[in-house]
file model-v3.pdb (PDB, C-alpha atoms (C1' of nucleotides))
ATOM      1  CA  MET A 197       6.474 -32.143   5.149
ATOM      2  CA  SER A 198       8.559 -29.242   3.997
ATOM      3  CA  GLN A 199       8.522 -27.413   0.689
ATOM      4  CA  ILE A 200       4.789 -27.142   0.671
ATOM      5  CA  PHE A 201       4.698 -23.513  -0.250
ATOM      6  CA  SER A 202       7.388 -21.046  -1.112
ATOM      7  CA  LEU A 203       7.504 -17.312  -0.505
ATOM      8  CA  SER A 204       9.715 -14.556  -1.845
ATOM      9  CA  PRO A 205      10.379 -11.912   0.805
ATOM     10  CA  SER A 206      11.857  -9.673  -1.875
ATOM     11  CA  HIS A 207       8.735  -9.777  -4.007
ATOM     12  CA  PRO A 208       6.590  -6.634  -3.723
ATOM     13  CA  MET A 209       3.552  -8.731  -2.896
ATOM     14  CA  PRO A 210       3.316  -9.009   0.887
ATOM     15  CA  LEU A 211       4.023 -12.360   2.485
ATOM     16  CA  TYR A 212       0.517 -12.872   3.771
ATOM     17  CA  ALA A 213      -0.887 -12.307   0.280
ATOM     18  CA  GLN A 214       1.565 -14.729  -1.277
ATOM     19  CA  LEU A 215       0.658 -17.368   1.237
ATOM     20  CA  THR A 216      -3.052 -16.780   0.851
ATOM     21  CA  ARG A 217      -2.784 -17.172  -2.876
ATOM     22  CA  ALA A 218      -0.614 -20.256  -2.569
ATOM     23  CA  ILE A 219      -3.072 -21.991  -0.285
ATOM     24  CA  ARG A 220      -6.077 -21.064  -2.377
ATOM     25  CA  PHE A 221      -4.310 -22.307  -5.442
ATOM     26  CA  ALA A 222      -3.276 -25.565  -3.790
ATOM     27  CA  ILE A 223      -6.881 -26.211  -2.861
ATOM     28  CA  ALA A 224      -8.249 -25.162  -6.211
ATOM     29  CA  THR A 225      -5.874 -27.484  -8.014
ATOM     30  CA  GLY A 226      -6.468 -30.367  -5.656
ATOM     31  CA  ARG A 227      -3.008 -30.473  -4.178
ATOM     32  CA  LEU A 228      -4.758 -29.963  -0.870
ATOM     33  CA  ARG A 229      -7.892 -32.026  -0.535
ATOM     34  CA  VAL A 230     -10.965 -31.544   1.599
ATOM     35  CA  GLY A 231     -10.364 -32.623   5.180
ATOM     36  CA  GLU A 232      -6.631 -32.566   4.834
ATOM     37  CA  GLN A 233      -4.691 -30.930   7.646
ATOM     38  CA  LEU A 234      -2.453 -27.978   6.991
ATOM     39  CA  PRO A 235       0.813 -27.489   8.854
ATOM     40  CA  THR A 236       0.433 -25.871  12.243
ATOM     41  CA  VAL A 237       0.786 -22.138  12.462
ATOM     42  CA  ARG A 238       4.171 -22.373  14.151
ATOM     43  CA  GLN A 239       5.486 -25.166  11.963
ATOM     44  CA  LEU A 240       4.667 -23.368   8.747
ATOM     45  CA  ALA A 241       6.073 -20.187  10.226
ATOM     46  CA  VAL A 242       9.511 -21.709  10.763
ATOM     47  CA  ASP A 243       9.397 -23.468   7.401
ATOM     48  CA  LEU A 244       8.713 -20.216   5.623
ATOM     49  CA  ARG A 245      10.928 -18.212   7.980
ATOM     50  CA  VAL A 246       8.050 -15.977   8.830
ATOM     51  CA  ASN A 247       6.341 -14.893  12.007
ATOM     52  CA  ALA A 248       3.678 -17.213  13.341
ATOM     53  CA  ASN A 249       1.219 -14.367  13.393
ATOM     54  CA  THR A 250       1.503 -13.899   9.682
ATOM     55  CA  VAL A 251       0.493 -17.479   9.100
ATOM     56  CA  ALA A 252      -2.250 -17.217  11.679
ATOM     57  CA  LYS A 253      -3.708 -14.160   9.973
ATOM     58  CA  VAL A 254      -3.819 -16.015   6.681
ATOM     59  CA  TYR A 255      -5.484 -19.043   8.215
ATOM     60  CA  ALA A 256      -8.019 -16.798   9.938
ATOM     61  CA  GLU A 257      -8.809 -14.935   6.763
ATOM     62  CA  LEU A 258      -9.243 -18.146   4.824
ATOM     63  CA  GLU A 259     -11.504 -19.425   7.550
ATOM     64  CA  ARG A 260     -13.668 -16.331   7.240
ATOM     65  CA  SER A 261     -13.764 -17.064   3.524
ATOM     66  CA  GLY A 262     -15.038 -20.502   4.381
ATOM     67  CA  ILE A 263     -12.359 -22.583   2.756
ATOM     68  CA  LEU A 264     -10.546 -23.545   5.963
ATOM     69  CA  GLU A 265     -11.662 -24.746   9.348
ATOM     70  CA  THR A 266      -9.595 -24.503  12.486
ATOM     71  CA  ARG A 267      -9.946 -26.243  15.805
ATOM     72  CA  ARG A 268      -7.875 -25.094  18.728
ATOM     73  CA  GLY A 269      -5.459 -27.630  20.036
ATOM     74  CA  VAL A 270      -5.982 -29.729  16.952
ATOM     75  CA  GLY A 271      -5.089 -27.890  13.814
ATOM     76  CA  THR A 272      -6.347 -26.312  10.629
ATOM     77  CA  PHE A 273      -8.078 -28.260   7.891
ATOM     78  CA  VAL A 274      -9.462 -27.781   4.432
ATOM     79  CA  SER A 275     -13.165 -27.233   4.805
ATOM     80  CA  ALA A 276     -15.859 -28.851   2.750
ATOM     81  CA  ARG A 277     -17.924 -25.682   2.791
ATOM     82  CA  HIS A 278     -16.381 -24.379  -0.377
ATOM     83  CA  LEU A 279     -18.248 -27.062  -2.250
ATOM     84  CA  THR A 280     -21.687 -26.210  -0.865
ATOM     85  CA  PRO A 281     -24.205 -24.279  -2.983
ATOM     86  CA  VAL A 282     -24.187 -21.198  -0.744
ATOM     87  CA  HIS A 283     -20.446 -20.940  -1.005
ATOM     88  CA  ARG A 284     -20.608 -21.448  -4.715
ATOM     89  CA  GLU A 285     -22.920 -18.469  -4.810
ATOM     90  CA  GLU A 286     -20.526 -16.307  -2.837
ATOM     91  CA  HIS A 287     -17.768 -17.487  -5.067
ATOM     92  CA  GLU A 288     -19.707 -16.391  -8.114
ATOM     93  CA  LYS A 289     -20.192 -13.013  -6.538
ATOM     94  CA  HIS A 290     -16.469 -12.711  -5.961
ATOM     95  CA  LEU A 291     -15.893 -13.531  -9.574
ATOM     96  CA  LYS A 292     -18.256 -10.742 -10.531
ATOM     97  CA  ASP A 293     -16.382  -8.328  -8.277
ATOM     98  CA  VAL A 294     -13.025  -9.273  -9.681
ATOM     99  CA  VAL A 295     -14.266  -8.926 -13.215
ATOM    100  CA  ASP A 296     -15.797  -5.573 -12.319
ATOM    101  CA  ARG A 297     -12.521  -4.186 -11.067
ATOM    102  CA  PHE A 298     -10.787  -5.654 -14.055
ATOM    103  CA  VAL A 299     -13.122  -4.122 -16.591
ATOM    104  CA  GLU A 300     -13.004  -0.779 -14.857
ATOM    105  CA  GLU A 301      -9.248  -0.738 -14.839
ATOM    106  CA  ALA A 302      -9.005  -1.788 -18.445
ATOM    107  CA  CYS A 303     -11.530   0.815 -19.562
ATOM    108  CA  ALA A 304      -9.574   3.482 -17.719
ATOM    109  CA  MET A 305      -6.660   2.440 -19.892
ATOM    110  CA  GLY A 306      -8.755   2.815 -22.967
ATOM    111  CA  PHE A 307      -9.410  -0.838 -23.672
ATOM    112  CA  SER A 308     -12.801  -2.126 -24.580
ATOM    113  CA  VAL A 309     -14.382  -5.258 -23.218
ATOM    114  CA  ASP A 310     -13.840  -6.816 -26.609
ATOM    115  CA  ASP A 311     -10.107  -6.244 -26.345
ATOM    116  CA  LEU A 312     -10.149  -8.157 -23.084
ATOM    117  CA  LEU A 313     -12.159 -10.937 -24.613
ATOM    118  CA  ASP A 314      -9.709 -11.265 -27.481
ATOM    119  CA  GLN A 315      -6.759 -11.469 -25.145
ATOM    120  CA  LEU A 316      -8.457 -14.031 -22.962
ATOM    121  CA  GLN A 317      -9.479 -16.109 -25.943
ATOM    122  CA  SER A 318      -5.933 -16.381 -27.207
ATOM    123  CA  ARG A 319      -4.856 -17.311 -23.709
ATOM    124  CA  ARG A 320      -7.497 -19.958 -23.403
ATOM    125  CA  ASN A 321      -5.866 -21.973 -26.130
ATOM    126  CA  LYS A 322      -2.405 -21.928 -24.618
ATOM    127  CA  GLU A 323      -2.877 -22.485 -20.915
ATOM    128  CA  THR A 324      -5.173 -25.290 -20.089
ATOM    129  CA  ILE A 325      -5.949 -25.016 -16.421
ATOM    130  CA  ASN A 326      -6.503 -28.423 -14.882
ATOM    131  CA  VAL A 327      -8.995 -28.320 -12.077
TER
ATOM    132  CA  MET B 673     -13.206  25.212 -16.983
ATOM    133  CA  SER B 674     -14.077  23.689 -13.664
ATOM    134  CA  GLN B 675     -15.713  20.358 -12.957
ATOM    135  CA  ILE B 676     -13.409  18.609 -15.355
ATOM    136  CA  PHE B 677     -12.531  15.811 -13.026
ATOM    137  CA  SER B 678     -13.714  14.870  -9.588
ATOM    138  CA  LEU B 679     -11.856  13.143  -6.794
ATOM    139  CA  SER B 680     -12.962  11.523  -3.558
ATOM    140  CA  PRO B 681     -10.414  12.060  -0.800
ATOM    141  CA  SER B 682     -12.252   9.523   1.331
ATOM    142  CA  HIS B 683     -11.981   6.804  -1.285
ATOM    143  CA  PRO B 684      -9.260   4.254  -0.528
ATOM    144  CA  MET B 685      -7.740   4.804  -3.956
ATOM    145  CA  PRO B 686      -5.062   7.477  -3.633
ATOM    146  CA  LEU B 687      -5.707  10.846  -5.211
ATOM    147  CA  TYR B 688      -2.960  10.572  -7.763
ATOM    148  CA  ALA B 689      -4.341   7.242  -8.952
ATOM    149  CA  GLN B 690      -7.850   8.621  -9.229
ATOM    150  CA  LEU B 691      -6.630  11.538 -11.262
ATOM    151  CA  THR B 692      -4.470   9.376 -13.482
ATOM    152  CA  ARG B 693      -7.391   7.136 -14.228
ATOM    153  CA  ALA B 694      -9.705  10.062 -14.840
ATOM    154  CA  ILE B 695      -7.357  11.655 -17.347
ATOM    155  CA  ARG B 696      -6.674   8.399 -19.140
ATOM    156  CA  PHE B 697     -10.361   7.753 -19.326
ATOM    157  CA  ALA B 698     -11.143  11.236 -20.611
ATOM    158  CA  ILE B 699      -8.627  10.766 -23.393
ATOM    159  CA  ALA B 700      -9.735   7.253 -24.195
ATOM    160  CA  THR B 701     -13.338   8.367 -24.505
ATOM    161  CA  GLY B 702     -12.494  11.445 -26.510
ATOM    162  CA  ARG B 703     -13.556  13.975 -23.918
ATOM    163  CA  LEU B 704      -9.985  15.235 -24.186
ATOM    164  CA  ARG B 705      -8.729  15.375 -27.744
ATOM    165  CA  VAL B 706      -5.236  15.295 -29.150
ATOM    166  CA  GLY B 707      -3.528  18.647 -28.865
ATOM    167  CA  GLU B 708      -5.945  19.941 -26.284
ATOM    168  CA  GLN B 709      -4.455  21.743 -23.310
ATOM    169  CA  LEU B 710      -5.041  20.481 -19.820
ATOM    170  CA  PRO B 711      -5.467  22.832 -16.875
ATOM    171  CA  THR B 712      -2.214  24.076 -15.405
ATOM    172  CA  VAL B 713      -0.770  22.194 -12.502
ATOM    173  CA  ARG B 714      -1.674  24.918 -10.049
ATOM    174  CA  GLN B 715      -5.116  25.571 -11.469
ATOM    175  CA  LEU B 716      -6.153  21.957 -11.355
ATOM    176  CA  ALA B 717      -4.664  21.703  -7.887
ATOM    177  CA  VAL B 718      -6.933  24.395  -6.490
ATOM    178  CA  ASP B 719      -9.935  23.051  -8.403
ATOM    179  CA  LEU B 720      -9.461  19.626  -6.921
ATOM    180  CA  ARG B 721      -8.317  21.005  -3.550
ATOM    181  CA  VAL B 722      -5.131  19.063  -3.816
ATOM    182  CA  ASN B 723      -1.465  19.914  -3.652
ATOM    183  CA  ALA B 724       0.099  21.095  -6.878
ATOM    184  CA  ASN B 725       2.738  18.436  -6.563
ATOM    185  CA  THR B 726       0.172  15.695  -6.720
ATOM    186  CA  VAL B 727      -1.077  16.986 -10.040
ATOM    187  CA  ALA B 728       2.461  17.483 -11.289
ATOM    188  CA  LYS B 729       3.353  13.892 -10.467
ATOM    189  CA  VAL B 730       0.374  12.666 -12.436
ATOM    190  CA  TYR B 731       1.212  14.811 -15.435
ATOM    191  CA  ALA B 732       4.814  13.632 -15.291
ATOM    192  CA  GLU B 733       3.809  10.004 -15.104
ATOM    193  CA  LEU B 734       1.416  10.376 -18.002
ATOM    194  CA  GLU B 735       4.141  12.070 -19.974
ATOM    195  CA  ARG B 736       6.451   9.123 -19.355
ATOM    196  CA  SER B 737       3.622   6.946 -20.591
ATOM    197  CA  GLY B 738       3.575   9.041 -23.734
ATOM    198  CA  ILE B 739       0.010  10.241 -23.621
ATOM    199  CA  LEU B 740       0.802  13.788 -22.466
ATOM    200  CA  GLU B 741       3.337  16.382 -23.488
ATOM    201  CA  THR B 742       4.419  19.262 -21.319
ATOM    202  CA  ARG B 743       6.242  22.433 -22.203
ATOM    203  CA  ARG B 744       7.524  24.633 -19.449
ATOM    204  CA  GLY B 745       6.009  28.052 -19.324
ATOM    205  CA  VAL B 746       3.294  26.949 -21.710
ATOM    206  CA  GLY B 747       1.321  24.069 -20.345
ATOM    207  CA  THR B 748       0.477  20.395 -20.691
ATOM    208  CA  PHE B 749      -1.200  18.931 -23.736
ATOM    209  CA  VAL B 750      -2.627  15.665 -24.960
ATOM    210  CA  SER B 751       0.049  14.043 -27.072
ATOM    211  CA  ALA B 752      -0.476  12.468 -30.453
ATOM    212  CA  ARG B 753       2.028   9.751 -29.648
ATOM    213  CA  HIS B 754      -0.591   7.453 -28.231
ATOM    214  CA  LEU B 755      -1.891   6.969 -31.752
ATOM    215  CA  THR B 756       1.429   5.958 -33.264
ATOM    216  CA  PRO B 757       2.173   2.294 -34.036
ATOM    217  CA  VAL B 758       4.947   2.022 -31.472
ATOM    218  CA  HIS B 759       2.690   3.250 -28.748
ATOM    219  CA  ARG B 760      -0.054   0.969 -29.883
ATOM    220  CA  GLU B 761       2.417  -1.847 -29.432
ATOM    221  CA  GLU B 762       3.275  -0.790 -25.896
ATOM    222  CA  HIS B 763      -0.383  -0.460 -25.195
ATOM    223  CA  GLU B 764      -0.980  -3.998 -26.374
ATOM    224  CA  LYS B 765       1.784  -5.166 -24.098
ATOM    225  CA  HIS B 766       0.142  -3.416 -21.172
ATOM    226  CA  LEU B 767      -3.063  -5.153 -22.006
ATOM    227  CA  LYS B 768      -1.239  -8.459 -21.925
ATOM    228  CA  ASP B 769       0.238  -7.610 -18.531
ATOM    229  CA  VAL B 770      -3.104  -6.631 -17.081
ATOM    230  CA  VAL B 771      -4.711  -9.785 -18.380
ATOM    231  CA  ASP B 772      -1.834 -11.796 -16.990
ATOM    232  CA  ARG B 773      -2.306 -10.466 -13.501
ATOM    233  CA  PHE B 774      -6.021 -10.919 -13.853
ATOM    234  CA  VAL B 775      -5.809 -14.531 -14.923
ATOM    235  CA  GLU B 776      -3.293 -15.321 -12.225
ATOM    236  CA  GLU B 777      -5.464 -13.800  -9.550
ATOM    237  CA  ALA B 778      -8.558 -15.539 -10.779
ATOM    238  CA  CYS B 779      -6.819 -18.907 -10.963
ATOM    239  CA  ALA B 780      -5.585 -18.448  -7.417
ATOM    240  CA  MET B 781      -9.245 -18.123  -6.503
ATOM    241  CA  GLY B 782     -10.009 -21.315  -8.303
ATOM    242  CA  PHE B 783     -11.614 -19.854 -11.408
ATOM    243  CA  SER B 784     -10.795 -21.069 -14.840
ATOM    244  CA  VAL B 785     -10.211 -18.886 -17.849
ATOM    245  CA  ASP B 786     -13.554 -20.052 -19.158
ATOM    246  CA  ASP B 787     -15.292 -18.689 -16.083
ATOM    247  CA  LEU B 788     -13.754 -15.319 -16.817
ATOM    248  CA  LEU B 789     -14.804 -15.501 -20.416
ATOM    249  CA  ASP B 790     -18.370 -16.278 -19.448
ATOM    250  CA  GLN B 791     -18.533 -13.354 -17.069
ATOM    251  CA  LEU B 792     -17.060 -11.007 -19.615
ATOM    252  CA  GLN B 793     -19.406 -12.207 -22.304
ATOM    253  CA  SER B 794     -22.464 -11.463 -20.231
ATOM    254  CA  ARG B 795     -21.013  -8.060 -19.450
ATOM    255  CA  ARG B 796     -20.330  -7.347 -23.069
ATOM    256  CA  ASN B 797     -24.028  -7.315 -23.801
ATOM    257  CA  LYS B 798     -24.945  -4.872 -21.053
ATOM    258  CA  GLU B 799     -22.279  -2.189 -21.105
ATOM    259  CA  THR B 800     -21.438  -0.949 -24.530
ATOM    260  CA  ILE B 801     -18.285   1.068 -24.201
ATOM    261  CA  ASN B 802     -18.163   3.813 -26.775
ATOM    262  CA  VAL B 803     -14.664   4.596 -27.894
TER
ATOM    263  C1'  DA C1004      15.821  42.510 -19.689
ATOM    264  C1'  DT C1005      12.330  41.731 -16.380
ATOM    265  C1'  DA C1006       8.181  40.167 -14.728
ATOM    266  C1'  DC C1007       5.136  36.426 -15.104
ATOM    267  C1'  DT C1008       3.618  31.818 -15.963
ATOM    268  C1'  DT C1009       4.609  27.327 -16.389
ATOM    269  C1'  DG C1010       6.477  22.745 -14.730
ATOM    270  C1'  DT C1011      10.154  20.494 -11.361
ATOM    271  C1'  DA C1012      13.171  19.023  -7.422
ATOM    272  C1'  DC C1013      13.834  18.446  -2.804
ATOM    273  C1'  DT C1014      12.238  17.845   1.763
ATOM    274  C1'  DA C1015       9.317  16.595   5.419
ATOM    275  C1'  DG C1016       5.366  15.064   7.901
ATOM    276  C1'  DT C1017       1.555  11.841   8.456
ATOM    277  C1'  DA C1018      -0.881   7.887   7.886
ATOM    278  C1'  DT C1019      -1.242   3.246   6.683
ATOM    279  C1'  DC C1020       0.352  -1.337   6.158
ATOM    280  C1'  DG C1021       3.012  -5.440   7.036
ATOM    281  C1'  DT C1022       5.481  -8.069  10.162
ATOM    282  C1'  DA C1023       7.312  -9.466  14.464
ATOM    283  C1'  DG C1024       7.262 -10.112  19.648
ATOM    284  C1'  DT C1025       5.022 -11.506  23.604
ATOM    285  C1'  DA C1026       1.556 -13.113  26.382
ATOM    286  C1'  DC C1027      -3.002 -15.448  26.529
ATOM    287  C1'  DA C1028      -6.848 -19.005  25.774
ATOM    288  C1'  DA C1029      -8.745 -23.283  24.290
ATOM    289  C1'  DT C1030      -8.219 -28.100  23.444
ATOM    290  C1'  DC C1031      -6.129 -32.557  23.628
ATOM    291  C1'  DC C1032      -3.788 -36.440  25.894
ATOM    292  C1'  DG C1033      -1.542 -38.823  29.498
TER
ATOM    293  C1'  DC D 471      -5.488 -32.635  37.048
ATOM    294  C1'  DG D 472      -1.328 -30.950  34.449
ATOM    295  C1'  DG D 473       1.659 -30.591  30.716
ATOM    296  C1'  DA D 474       1.892 -30.061  25.844
ATOM    297  C1'  DT D 475       0.111 -28.381  21.571
ATOM    298  C1'  DT D 476      -2.853 -25.697  19.084
ATOM    299  C1'  DG D 477      -4.787 -21.165  17.544
ATOM    300  C1'  DT D 478      -5.589 -15.975  19.144
ATOM    301  C1'  DA D 479      -5.291 -11.035  21.013
ATOM    302  C1'  DC D 480      -2.710  -7.167  21.854
ATOM    303  C1'  DT D 481       1.143  -4.276  21.163
ATOM    304  C1'  DA D 482       4.859  -2.137  18.874
ATOM    305  C1'  DC D 483       8.290  -1.323  15.547
ATOM    306  C1'  DG D 484       9.834  -0.519  10.768
ATOM    307  C1'  DA D 485       9.012   0.541   6.236
ATOM    308  C1'  DT D 486       6.581   2.336   2.670
ATOM    309  C1'  DA D 487       3.268   5.286   0.386
ATOM    310  C1'  DC D 488       0.844   9.581  -0.132
ATOM    311  C1'  DT D 489       0.452  14.222   0.175
ATOM    312  C1'  DA D 490       1.855  18.830   1.258
ATOM    313  C1'  DG D 491       5.208  22.800   1.706
ATOM    314  C1'  DT D 492       8.748  25.425  -0.122
ATOM    315  C1'  DA D 493      12.118  26.831  -3.120
ATOM    316  C1'  DC D 494      13.937  26.382  -7.870
ATOM    317  C1'  DA D 495      14.380  26.274 -13.108
ATOM    318  C1'  DA D 496      12.828  26.936 -17.743
ATOM    319  C1'  DG D 497      10.200  29.120 -20.878
ATOM    320  C1'  DT D 498       7.075  33.188 -22.625
ATOM    321  C1'  DA D 499       5.735  37.850 -23.370
ATOM    322  C1'  DT D 500       5.837  42.683 -22.843
TER
END
call {"tool": "encode", "arguments": {"input": "model-v3.pdb", "output": "structure tokens"}}
result
Amino acid sequence: MSQIFSLSPSHPMPLYAQLTRAIRFAIATGRLRVGEQLPTVRQLAVDLRVNANTVAKVYAELERSGILETRRGVGTFVSARHLTPVHREEHEKHLKDVVDRFVEEACAMGFSVDDLLDQLQSRRNKETINV
Amino acid sequence: MSQIFSLSPSHPMPLYAQLTRAIRFAIATGRLRVGEQLPTVRQLAVDLRVNANTVAKVYAELERSGILETRRGVGTFVSARHLTPVHREEHEKHLKDVVDRFVEEACAMGFSVDDLLDQLQSRRNKETINV
DNA sequence: ATACTTGTACTAGTATCGTAGTACAATCCG
DNA sequence: CGGATTGTACTACGATACTAGTACAAGTAT
């Protein structure tokens, strides 16, 4: 029940962002499965020692992103939408955007796309991400 | 003399960040060469319609990064340090850091390193960055 | 030496962001 | 219907970030 996620208030990354990432990651790695219910806004808020609104904002944002579904009086659940083709398409677009920003930033630092590729390649061998 | 850089005050990216990126990029692409003098703090400030302090902060930061050198009463110049082995090493480390953040972010979105590689590969063919 | 040009330090104001507090609305369950 | 549980809307406070203003210090050149 407890210890689902963990936040670091001292970390420069804002709480809502930490939580968002944690939830996304939990879903991506299968620790939260489709249809599964997340803790209630208030419950998670006390667990994380955070205001309920902060949790609510995260849930709302993730619902807009289509990976959560919330029903008043019932709770918040992992949606199945993130497996549908349309969502896959959006997801691909997000990937493009992220890569865009990444490439731009790296080029501004004087790195070429090849440099990035090299770095990623060497990383690919070490960390095997299990999805 | 003028039209060296251009900033967008309306853009969400803060002015100092835009300028930093622009200078780094100009150096990386060779539009600013080693030893070349940059506009004075005040001159660039009026050109960009920005406070002199904003420019000064950028110059100072870039000096800490070792890619600029400033001499009081004289001006600010492109340093040669960014070609030395030690700086190359730091630069490599920065690349690692950037890639780290990138991979982390992407994984939190449920992408694998391979997805990133694919995207980058397809990009590599389109944009040829000339260094 | 003195005037001028350069970068720098300190301060302050403004906007934005992140979080919390409080009150409200929808749904469920008895 | 009525109480309990859920998510939501609105407001406000605190902190941080960004930029500007002003005064200062270090160097150059005449």
call {"tool": "interface_residues", "arguments": {"input": "model-v3.pdb", "of": "chain B", "to": "chain C", "cutoff": "8 Å", "atoms": "all atoms listed in the file", "output": "ChimeraX atom specification"}}
result
/B:712-713,728,742-747
call {"tool": "atom_distance", "arguments": {"input": "model-v3.pdb", "atom1": "CA of Leu264 (chain A)", "atom2": "CA of Ser206 (chain A)"}}
result
27.5 Å
call {"tool": "interface_residues", "arguments": {"input": "model-v3.pdb", "of": "chain A", "to": "chain B", "cutoff": "8 Å", "atoms": "all atoms listed in the file", "output": "PyMOL selection string"}}
result
chain A and resi 217-218+220-221+223-225+291-292+294-295+298+302-310+312-313+315-317+320+325+327
call {"tool": "interface_residues", "arguments": {"input": "model-v3.pdb", "of": "chain B", "to": "chain D", "cutoff": "12 Å", "atoms": "all atoms listed in the file", "output": "PDB file with C-alpha atoms, in the frame of the given file"}}
result
ATOM      1  CA  PRO B 681     -10.414  12.060  -0.800  1.00  0.00           C
ATOM      2  CA  PRO B 684      -9.260   4.254  -0.528  1.00  0.00           C
ATOM      3  CA  MET B 685      -7.740   4.804  -3.956  1.00  0.00           C
ATOM      4  CA  PRO B 686      -5.062   7.477  -3.633  1.00  0.00           C
ATOM      5  CA  LEU B 687      -5.707  10.846  -5.211  1.00  0.00           C
ATOM      6  CA  TYR B 688      -2.960  10.572  -7.763  1.00  0.00           C
ATOM      7  CA  ALA B 689      -4.341   7.242  -8.952  1.00  0.00           C
ATOM      8  CA  ALA B 717      -4.664  21.703  -7.887  1.00  0.00           C
ATOM      9  CA  ARG B 721      -8.317  21.005  -3.550  1.00  0.00           C
ATOM     10  CA  VAL B 722      -5.131  19.063  -3.816  1.00  0.00           C
ATOM     11  CA  ASN B 723      -1.465  19.914  -3.652  1.00  0.00           C
ATOM     12  CA  ALA B 724       0.099  21.095  -6.878  1.00  0.00           C
ATOM     13  CA  ASN B 725       2.738  18.436  -6.563  1.00  0.00           C
ATOM     14  CA  THR B 726       0.172  15.695  -6.720  1.00  0.00           C
ATOM     15  CA  VAL B 727      -1.077  16.986 -10.040  1.00  0.00           C
ATOM     16  CA  LYS B 729       3.353  13.892 -10.467  1.00  0.00           C
ATOM     17  CA  THR B 742       4.419  19.262 -21.319  1.00  0.00           C
ATOM     18  CA  ARG B 743       6.242  22.433 -22.203  1.00  0.00           C
ATOM     19  CA  ARG B 744       7.524  24.633 -19.449  1.00  0.00           C
ATOM     20  CA  GLY B 745       6.009  28.052 -19.324  1.00  0.00           C
ATOM     21  CA  VAL B 746       3.294  26.949 -21.710  1.00  0.00           C
ATOM     22  CA  GLY B 747       1.321  24.069 -20.345  1.00  0.00           C
TER      23      GLY B 747
END
call {"tool": "atom_distance", "arguments": {"input": "model-v3.pdb", "atom1": "CA of Val718 (chain B)", "atom2": "CA of Val706 (chain B)"}}
result
24.5 Å
call {"tool": "axis_aligned_box", "arguments": {"input": "model-v3.pdb", "around": "region 303-320 of chain A", "padding_each_side": "3 Å", "output": "lines of an AutoDock Vina configuration file"}}
result
center_x = -9.6
center_y = -8.2
center_z = -22.6
size_x = 15.5
size_y = 29.4
size_z = 15.8
call {"tool": "atom_distance", "arguments": {"input": "model-v3.pdb", "atom1": "CA of Thr748 (chain B)", "atom2": "CA of Glu762 (chain B)"}}
result
22.0 Å
